[in-house]
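Structure data follow from run.cif (mmCIF, C-alpha atoms and all ligand atoms):
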```
data_data
#
loop_
_atom_site.label_atom_id
_atom_site.label_comp_id
_atom_site.auth_asym_id
_atom_site.auth_seq_id
_atom_site.Cartn_x
_atom_site.Cartn_y
_atom_site.Cartn_z
CA VAL L 1 31.14 88.15 57.68
CA THR L 2 34.85 88.80 57.17
CA ALA L 3 37.49 88.42 59.88
CA ALA L 4 37.48 92.21 60.31
CA ASP L 5 33.68 92.18 60.67
CA ALA L 6 33.91 89.43 63.27
CA ALA L 7 36.48 91.46 65.21
CA ALA L 8 34.24 94.55 65.08
CA LEU L 9 31.23 92.49 66.18
CA VAL L 10 33.13 91.08 69.15
CA ASP L 11 34.33 94.57 70.16
CA GLY L 12 30.76 95.87 69.78
CA ALA L 13 29.28 93.05 71.83
CA ARG L 14 31.86 93.56 74.58
CA ALA L 15 30.91 97.25 74.67
CA GLY L 16 27.26 96.18 75.11
CA ASP L 17 26.05 97.11 71.60
CA ARG L 18 22.75 95.22 71.26
CA GLY L 19 22.93 95.09 67.46
CA ALA L 20 26.36 93.46 67.63
CA ILE L 21 25.16 90.99 70.28
CA ALA L 22 22.17 90.04 68.11
CA ARG L 23 24.32 89.55 65.01
CA LEU L 24 26.87 87.47 66.89
CA LEU L 25 24.07 85.29 68.27
CA SER L 26 22.74 84.73 64.73
CA LEU L 27 26.24 83.89 63.61
CA VAL L 28 26.90 81.27 66.31
CA GLU L 29 23.41 79.86 65.81
CA SER L 30 24.05 79.14 62.15
CA GLY L 31 27.56 77.85 62.83
CA GLY L 32 30.32 77.54 60.25
CA PRO L 33 33.90 78.83 59.98
CA GLU L 34 32.96 82.52 60.56
CA ALA L 35 31.17 81.56 63.74
CA ASP L 36 34.20 79.57 64.87
CA ALA L 37 36.46 82.55 64.15
CA ALA L 38 34.21 84.92 66.11
CA LEU L 39 34.09 82.46 69.01
CA SER L 40 37.87 82.20 69.13
CA ARG L 41 37.95 85.97 69.58
CA LEU L 42 35.21 85.90 72.20
CA PHE L 43 36.51 83.05 74.28
CA PRO L 44 39.27 84.88 76.21
CA HIS L 45 36.61 87.34 77.44
CA THR L 46 34.29 84.66 78.82
CA GLY L 47 34.04 82.54 81.92
CA THR L 48 32.31 84.81 84.42
CA THR L 49 28.62 84.32 83.55
CA TYR L 50 26.55 82.08 85.81
CA THR L 51 23.94 80.04 83.92
CA VAL L 52 20.56 78.91 85.24
CA GLY L 53 18.58 76.31 83.26
CA MET L 54 14.78 76.22 83.42
CA THR L 55 13.21 73.01 82.17
CA GLY L 56 10.06 70.97 82.66
CA PRO L 57 6.86 70.06 80.81
CA PRO L 58 5.37 72.63 78.41
CA GLY L 59 2.85 74.96 80.02
CA GLY L 60 4.30 74.48 83.51
CA GLY L 61 5.12 78.15 83.88
CA LYS L 62 8.82 78.29 82.98
CA SER L 63 8.49 81.52 80.99
CA THR L 64 6.36 83.21 83.62
CA LEU L 65 8.86 82.20 86.32
CA THR L 66 11.79 83.29 84.15
CA ASP L 67 10.13 86.67 83.73
CA ARG L 68 9.81 86.94 87.51
CA LEU L 69 13.43 85.90 88.08
CA VAL L 70 14.55 88.53 85.57
CA ALA L 71 12.56 91.15 87.49
CA ARG L 72 14.17 89.98 90.72
CA LEU L 73 17.67 90.24 89.24
CA ARG L 74 16.95 93.68 87.84
CA ARG L 75 15.77 94.84 91.26
CA ASP L 76 19.19 93.74 92.55
CA GLY L 77 20.77 95.81 89.77
CA GLU L 78 22.04 92.72 87.92
CA GLU L 79 22.01 92.42 84.12
CA VAL L 80 20.69 89.22 82.61
CA GLY L 81 20.45 87.39 79.30
CA VAL L 82 17.65 84.94 78.49
CA LEU L 83 17.92 82.19 75.88
CA ALA L 84 14.64 80.46 74.98
CA VAL L 85 15.67 77.24 73.30
CA ASP L 86 13.30 75.20 71.11
CA PRO L 87 14.88 72.13 69.51
CA THR L 88 11.57 70.90 68.09
CA SER L 89 11.00 73.81 65.77
CA PRO L 90 13.05 74.52 62.62
CA PHE L 91 11.80 78.09 62.85
CA THR L 92 10.84 80.25 65.79
CA GLY L 93 7.68 78.43 66.79
CA GLY L 94 4.47 79.35 68.55
CA ALA L 95 5.61 78.32 72.02
CA ILE L 96 8.57 80.65 71.86
CA LEU L 97 6.52 83.53 70.49
CA GLY L 98 4.28 83.08 73.53
CA ASP L 99 7.37 83.15 75.73
CA ARG L 100 8.46 86.44 74.20
CA VAL L 101 5.05 87.92 74.90
CA ARG L 102 5.31 86.79 78.51
CA MET L 103 8.70 88.46 78.85
CA GLN L 104 7.98 91.64 76.93
CA GLY L 105 7.81 93.64 80.15
CA HIS L 106 11.61 93.67 79.88
CA ALA L 107 11.73 94.43 76.15
CA THR L 108 12.80 98.05 76.61
CA ASP L 109 15.21 97.34 79.48
CA ALA L 110 18.82 97.72 78.25
CA GLY L 111 19.97 95.47 81.10
CA VAL L 112 18.05 92.48 79.72
CA PHE L 113 18.76 90.61 76.49
CA ILE L 114 16.18 88.03 75.41
CA ARG L 115 16.79 85.71 72.51
CA SER L 116 14.94 82.71 71.03
CA MET L 117 16.91 79.87 69.50
CA ALA L 118 15.43 77.21 67.24
CA SER L 119 17.25 74.31 65.60
CA ARG L 120 18.01 76.13 62.36
CA GLY L 121 20.32 73.54 60.92
CA HIS L 122 23.31 74.11 63.20
CA LEU L 123 25.69 71.24 62.56
CA GLY L 124 26.11 70.08 66.12
CA GLY L 125 22.51 70.98 67.00
CA LEU L 126 21.35 73.17 69.82
CA ALA L 127 23.32 71.23 72.40
CA LEU L 128 26.46 72.70 70.80
CA ALA L 129 24.99 76.08 69.78
CA THR L 130 23.61 76.97 73.22
CA PRO L 131 26.94 77.16 75.07
CA GLN L 132 28.25 79.34 72.23
CA ALA L 133 25.29 81.70 72.59
CA VAL L 134 25.96 81.83 76.34
CA ARG L 135 29.53 82.89 75.54
CA VAL L 136 28.28 85.80 73.45
CA LEU L 137 26.21 87.06 76.39
CA ASP L 138 29.10 86.29 78.74
CA ALA L 139 31.51 88.42 76.70
CA ALA L 140 28.81 91.11 76.54
CA GLY L 141 29.08 91.32 80.32
CA LYS L 142 25.85 89.65 81.42
CA PRO L 143 26.64 88.12 84.83
CA TRP L 144 23.54 85.89 84.58
CA VAL L 145 22.07 83.89 81.70
CA ILE L 146 18.81 82.00 82.08
CA ILE L 147 18.30 79.19 79.57
CA GLU L 148 14.67 78.17 79.14
CA THR L 149 13.85 75.07 77.10
CA VAL L 150 10.35 74.45 75.72
CA GLY L 151 9.84 70.79 76.59
CA VAL L 152 11.28 67.69 78.21
CA GLY L 153 12.79 65.84 75.26
CA GLN L 154 16.33 64.54 75.39
CA VAL L 155 17.85 67.66 73.81
CA GLU L 156 15.95 70.00 76.13
CA VAL L 157 17.11 68.08 79.19
CA GLU L 158 20.65 68.07 77.82
CA VAL L 159 20.61 71.82 77.13
CA ALA L 160 19.06 72.87 80.44
CA GLY L 161 21.03 70.27 82.38
CA ALA L 162 24.27 71.83 81.11
CA ALA L 163 23.61 75.00 83.13
CA ASP L 164 25.46 75.72 86.37
CA THR L 165 22.16 75.44 88.26
CA THR L 166 19.22 73.60 86.73
CA ALA L 167 15.72 74.38 87.97
CA VAL L 168 13.02 71.87 87.02
CA VAL L 169 9.52 73.39 86.94
CA LEU L 170 6.65 71.02 87.69
CA ASN L 171 3.01 71.44 88.67
CA PRO L 172 0.69 69.95 91.30
CA GLY L 173 -0.29 66.43 90.27
CA TRP L 174 2.92 65.85 88.34
CA GLY L 175 3.61 62.72 90.40
CA ASP L 176 0.46 61.07 89.00
CA ALA L 177 1.16 61.87 85.37
CA VAL L 178 2.81 59.32 83.11
CA GLN L 179 6.07 60.97 82.16
CA ALA L 180 8.58 59.06 80.07
CA ASN L 181 11.64 60.81 81.45
CA LYS L 182 10.48 61.48 84.98
CA ALA L 183 13.67 60.04 86.41
CA GLY L 184 15.80 62.00 83.97
CA LEU L 185 14.21 65.27 85.07
CA LEU L 186 14.77 64.57 88.75
CA GLU L 187 18.33 63.53 88.03
CA ILE L 188 19.27 66.90 86.54
CA ALA L 189 17.32 68.98 89.07
CA ASP L 190 19.41 71.16 91.40
CA VAL L 191 16.26 73.02 92.41
CA LEU L 192 12.63 71.95 92.02
CA ALA L 193 9.80 74.45 91.62
CA VAL L 194 6.24 73.20 92.07
CA ASN L 195 4.59 76.05 90.19
CA LYS L 196 0.83 76.73 89.99
CA ALA L 197 0.72 76.11 93.73
CA ASP L 198 -2.56 78.06 93.64
CA ARG L 199 -4.06 74.81 92.34
CA PRO L 200 -4.97 71.85 94.55
CA GLY L 201 -2.40 69.13 95.26
CA GLY L 202 0.75 71.23 95.62
CA ASP L 203 1.66 69.93 99.07
CA GLU L 204 1.19 66.29 98.01
CA THR L 205 3.37 66.85 94.98
CA VAL L 206 6.10 68.35 97.17
CA ARG L 207 5.87 65.30 99.45
CA ASP L 208 5.99 62.88 96.49
CA LEU L 209 9.01 64.65 95.05
CA ARG L 210 10.80 64.57 98.40
CA ASN L 211 10.20 60.80 98.57
CA MET L 212 11.33 60.22 95.00
CA ILE L 213 14.54 62.11 95.69
CA GLU L 214 15.19 60.16 98.89
CA TRP L 215 14.63 56.83 97.11
CA SER L 216 17.01 57.80 94.36
CA GLY L 217 19.85 57.49 96.88
CA PRO L 218 22.32 59.83 98.57
CA ARG L 219 23.76 62.83 96.72
CA ASP L 220 25.99 65.64 97.89
CA TRP L 221 23.19 68.14 97.23
CA ALA L 222 19.54 67.52 98.04
CA PRO L 223 17.53 69.70 95.63
CA PRO L 224 15.32 72.12 97.55
CA ILE L 225 11.64 72.00 96.58
CA VAL L 226 9.91 75.36 96.37
CA GLU L 227 6.21 76.06 95.81
CA THR L 228 5.57 79.00 93.50
CA VAL L 229 2.70 80.90 91.91
CA ALA L 230 4.51 82.58 89.04
CA THR L 231 1.50 84.59 87.87
CA GLU L 232 1.30 86.30 91.28
CA GLY L 233 5.03 86.33 91.99
CA ARG L 234 4.53 84.13 95.08
CA GLY L 235 7.51 82.00 96.09
CA VAL L 236 9.79 83.63 93.53
CA ASP L 237 12.13 84.98 96.22
CA ASP L 238 12.29 81.48 97.74
CA LEU L 239 13.10 80.05 94.32
CA TRP L 240 15.83 82.65 93.88
CA ASP L 241 17.23 81.87 97.35
CA ALA L 242 17.30 78.15 96.43
CA ILE L 243 19.22 78.92 93.22
CA ALA L 244 21.64 81.13 95.15
CA ALA L 245 22.10 78.40 97.79
CA HIS L 246 22.98 75.89 95.09
CA ARG L 247 25.45 78.34 93.60
CA ALA L 248 27.06 78.84 97.01
CA HIS L 249 27.23 75.05 97.39
CA LEU L 250 29.01 74.71 94.03
CA GLU L 251 31.41 77.54 94.79
CA ARG L 252 32.48 75.82 97.99
CA ASP L 253 35.40 73.38 97.57
CA GLY L 254 35.83 74.07 93.85
CA ARG L 255 32.76 72.07 92.76
CA LEU L 256 31.76 74.70 90.21
CA ALA L 257 35.17 74.59 88.51
CA THR L 258 35.05 70.77 88.41
CA ARG L 259 31.57 70.80 86.94
CA ARG L 260 32.49 73.35 84.30
CA ALA L 261 35.64 71.43 83.38
CA ALA L 262 33.52 68.30 82.89
CA ARG L 263 31.23 70.27 80.59
CA LEU L 264 34.16 71.62 78.59
CA ARG L 265 35.47 68.09 78.25
CA ASP L 266 32.10 66.97 76.82
CA GLU L 267 32.06 69.95 74.49
CA ILE L 268 35.55 69.19 73.17
CA GLU L 269 34.58 65.55 72.67
CA ALA L 270 31.45 66.58 70.74
CA LEU L 271 33.55 68.89 68.55
CA VAL L 272 36.10 66.15 67.92
CA ALA L 273 33.24 63.78 66.99
CA GLU L 274 31.84 66.40 64.62
CA ARG L 275 35.22 66.86 62.93
CA LEU L 276 35.84 63.12 62.71
CA GLY L 277 32.41 62.71 61.13
CA ARG L 278 33.29 65.28 58.50
CA ARG L 279 36.64 63.57 57.94
CA ALA L 280 34.85 60.23 57.48
CA GLY L 281 32.74 61.78 54.74
CA ALA L 282 35.82 63.19 53.04
CA VAL L 283 37.80 59.96 53.24
CA CYS L 284 34.93 57.92 51.75
CA THR L 285 34.92 59.59 48.34
CA GLY L 286 37.33 59.79 45.43
CA ALA L 287 39.36 57.42 43.28
CA ARG L 288 41.12 55.57 46.10
CA PHE L 289 37.80 54.96 47.85
CA ASP L 290 36.16 53.74 44.60
CA GLU L 291 39.01 51.33 44.04
CA LEU L 292 38.70 49.88 47.57
CA LEU L 293 34.91 49.74 47.25
CA ALA L 294 35.19 47.77 44.03
CA ARG L 295 37.48 45.27 45.76
CA VAL L 296 35.05 44.94 48.69
CA ALA L 297 32.13 44.52 46.26
CA ALA L 298 34.10 41.74 44.51
CA HIS L 299 34.69 40.17 47.95
CA ASP L 300 38.39 40.47 47.35
CA LEU L 301 38.74 42.71 50.46
CA ASP L 302 36.63 42.90 53.63
CA PRO L 303 35.05 46.19 54.86
CA HIS L 304 37.25 46.36 57.98
CA ALA L 305 40.41 46.09 55.93
CA ALA L 306 39.06 48.78 53.58
CA ALA L 307 38.38 51.11 56.54
CA ASP L 308 41.87 50.46 57.93
CA ALA L 309 43.39 51.17 54.52
CA LEU L 310 41.46 54.45 54.24
CA LEU L 311 42.64 55.61 57.68
CA ASP L 312 46.24 54.49 57.25
CA PRO L 313 48.26 57.72 56.90
CA ARG L 314 50.84 55.90 54.77
CA GLY L 315 47.89 55.07 52.41
CA GLN L 316 48.11 53.45 48.99
N1 LIG A 401 -2.84 79.33 87.78
C1 LIG A 401 -1.57 79.55 87.45
N2 LIG A 401 -1.25 79.72 86.15
C2 LIG A 401 0.06 79.93 85.83
C3 LIG A 401 1.06 80.00 86.83
N3 LIG A 401 2.25 80.19 86.21
C4 LIG A 401 2.00 80.26 84.88
N4 LIG A 401 0.67 80.11 84.65
C5 LIG A 401 0.00 80.11 83.35
O1 LIG A 401 0.30 78.91 82.68
C6 LIG A 401 0.43 79.12 81.27
C7 LIG A 401 1.76 78.62 80.76
O2 LIG A 401 2.80 79.41 81.31
P1 LIG A 401 4.22 79.55 80.62
O3 LIG A 401 5.04 80.42 81.49
O4 LIG A 401 4.11 79.93 79.20
O5 LIG A 401 4.74 78.04 80.69
P2 LIG A 401 5.99 77.36 79.94
O6 LIG A 401 5.46 76.66 78.73
O7 LIG A 401 6.52 76.37 80.94
O8 LIG A 401 6.96 78.44 79.61
C8 LIG A 401 0.21 80.62 81.07
O9 LIG A 401 -1.12 80.85 80.69
C9 LIG A 401 0.50 81.21 82.43
O10 LIG A 401 -0.19 82.42 82.66
C10 LIG A 401 0.68 79.83 88.20
O11 LIG A 401 1.50 79.85 89.12
N5 LIG A 401 -0.64 79.62 88.44
MG MG A 402 7.95 78.85 77.85
#
```
Just give me the structure of the file as structure tokens.
Amino acid sequence: VTAADAAALVDGARAGDRGAIARLLSLVESGGPEADAALSRLFPHTGTTYTVGMTGPPGGGKSTLTDRLVARLRRDGEEVGVLAVDPTSPFTGGAILGDRVRMQGHATDAGVFIRSMASRGHLGGLALATPQAVRVLDAAGKPWVIIETVGVGQVEVEVAGAADTTAVVLNPGWGDAVQANKAGLLEIADVLAVNKADRPGGDETVRDLRNMIEWSGPRDWAPPIVETVATEGRGVDDLWDAIAAHRAHLERDGRLATRRAARLRDEIEALVAERLGRRAGAVCTGARFDELLARVAAHDLDPHAAADALLDPRGQ
């Protein structure tokens, strides 16, 4: 991809060309200098998309609920992008293929763009690639992007938790299950969906969750808990209303801007860390490094002094 290609892709994506959007997404997913160049071009045209994260244990119904939320948005005439993020799979794995099947009702709808993302060797990982992919859809004029993650590992929670509104999807009986990062999930939840409420134990789970949230101490937003049956579309409007209420809460008193600025700060820090890591690799090779290493190996110099010498801009 040349600079001219990148410019054409960005123009195409902004005009809503699906081929250009898809190519830009592939580009930002693989990372590298061309991706960075394309993103610099995109960035001025971003900042209006609202992101909704969907996370929770596998099989809980996130994809089915996402499909229903997409349908709801489309009924309101809103366009939407969906990113299905799978950090566990180096390739597009089975779980995500299943997700695509569950969302294929929207496959021919020009107002919906669905994309799977796996951890295909992006330098900063999916935690860095996902916000870039959101920017592509943002510049393409999608006012909503739903980010679904496949599981509840650290990366998934990080990715989904970085959305403007994070919905955590659980099932009846979740309170009884041994879940390593139970607390972590509740911490990032702006909205809680107890899906599969057609199964026994939904009301108890809602009660348990309400207690757990109360015990966790006061917050400025108490996450609403909504019972849903995604397969039948039950409770989906309530879930949507809860998401909209959280958005309205954030938009009051500038909370959304503060939250987004905090995220941008984290992103810049991650990028600085990535660059410093690369610089460390570059500094620790070559003749000067070999010379210092030999002195350290001979115990003529200590490792700290060697590191200081390598970082000293006056060098030598
Ligand atoms: N009984 C019942 N099954 C559901 C419900 N929602 C989803 N499912 C089923 O649960 C399975 C997993 O759903 P999926 O959306 O792929 O879950 P994900 O892994 O969280 O994305 C599928 O077979 C769905 O049809 C529900 O509300 N009730
Ligand atoms: Mg899924």
Item to complete: Using only C-alpha atoms and all ligand atoms, find each residue with an atom at most 8 Å away from ligand LIG 401 (chain A) and format the answer as an MDAnalysis selection string.
Response: chainID L and resid 55:66 95 98:99 102 148 150:151 169 195:199 228:234
Restricting the output to C-alpha atoms, write the selected residues as a tab-separated table (two decimals), in the coordinates of the input.
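File produced: out-v9.tsv:
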```
chain	number	residue	atom	x	y	z
L	55	THR	CA	13.21	73.01	82.17
L	56	GLY	CA	10.06	70.97	82.66
L	57	PRO	CA	6.86	70.06	80.81
L	58	PRO	CA	5.37	72.63	78.41
L	59	GLY	CA	2.85	74.96	80.02
L	60	GLY	CA	4.30	74.48	83.51
L	61	GLY	CA	5.12	78.15	83.88
L	62	LYS	CA	8.82	78.29	82.98
L	63	SER	CA	8.49	81.52	80.99
L	64	THR	CA	6.36	83.21	83.62
L	65	LEU	CA	8.86	82.20	86.32
L	66	THR	CA	11.79	83.29	84.15
L	95	ALA	CA	5.61	78.32	72.02
L	98	GLY	CA	4.28	83.08	73.53
L	99	ASP	CA	7.37	83.15	75.73
L	102	ARG	CA	5.31	86.79	78.51
L	148	GLU	CA	14.67	78.17	79.14
L	150	VAL	CA	10.35	74.45	75.72
L	151	GLY	CA	9.84	70.79	76.59
L	169	VAL	CA	9.52	73.39	86.94
L	195	ASN	CA	4.59	76.05	90.19
L	196	LYS	CA	0.83	76.73	89.99
L	197	ALA	CA	0.72	76.11	93.73
L	198	ASP	CA	-2.56	78.06	93.64
L	199	ARG	CA	-4.06	74.81	92.34
L	228	THR	CA	5.57	79.00	93.50
L	229	VAL	CA	2.70	80.90	91.91
L	230	ALA	CA	4.51	82.58	89.04
L	231	THR	CA	1.50	84.59	87.87
L	232	GLU	CA	1.30	86.30	91.28
L	233	GLY	CA	5.03	86.33	91.99
L	234	ARG	CA	4.53	84.13	95.08
```
Practice prompt. Determine, counting all atoms listed in the file, which protein, DNA and RNA residues have an atom within 12 Å of an atom of Arg219 (chain L); residues of the same chain fewer than 4 positions away are not included. Present the result as an NGL selection string.
Written response: :L and (187-190 or 213-215 or 223)
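Closest approach to Leu83 (chain L) from the set L:Ala37, L:Ile146, L:Val112, L:Ala287 is made by L:Ile146, with distances taken over all atoms listed in the file.
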Tell me, counting all atoms listed in the file, for each residue of region 151-204 of chain L within 9 Å of region 236-240 of chain L, which pair of atoms is nearest and how far apart they are in Å to one decimal, in rows ordered by chain and increasing number, as a tab-separated table.
```
residue	atom	partner	partner_atom	distance
L:Ala167	CA	L:Leu239	CA	8.9
L:Val191	CA	L:Leu239	CA	7.9
L:Leu192	CA	L:Leu239	CA	8.4
L:Ala193	CA	L:Leu239	CA	7.0
```
Item to complete: Excluding Ala127 (chain L) and residues on its chain fewer than 2 positions from it, collect all residues at most 12 Å away from it, counting all atoms listed in the file, and give them as a ChimeraX atom specification.
Response: /L:29,85-87,117-119,122-125,129-134,147,149,154-163,263,266-267,270-271
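Here the question is which of L:Met54, L:Leu73, L:Ala306, L:Val145 gets nearest to Arg115 (chain L) using only C-alpha atoms, and that residue is L:Val145.
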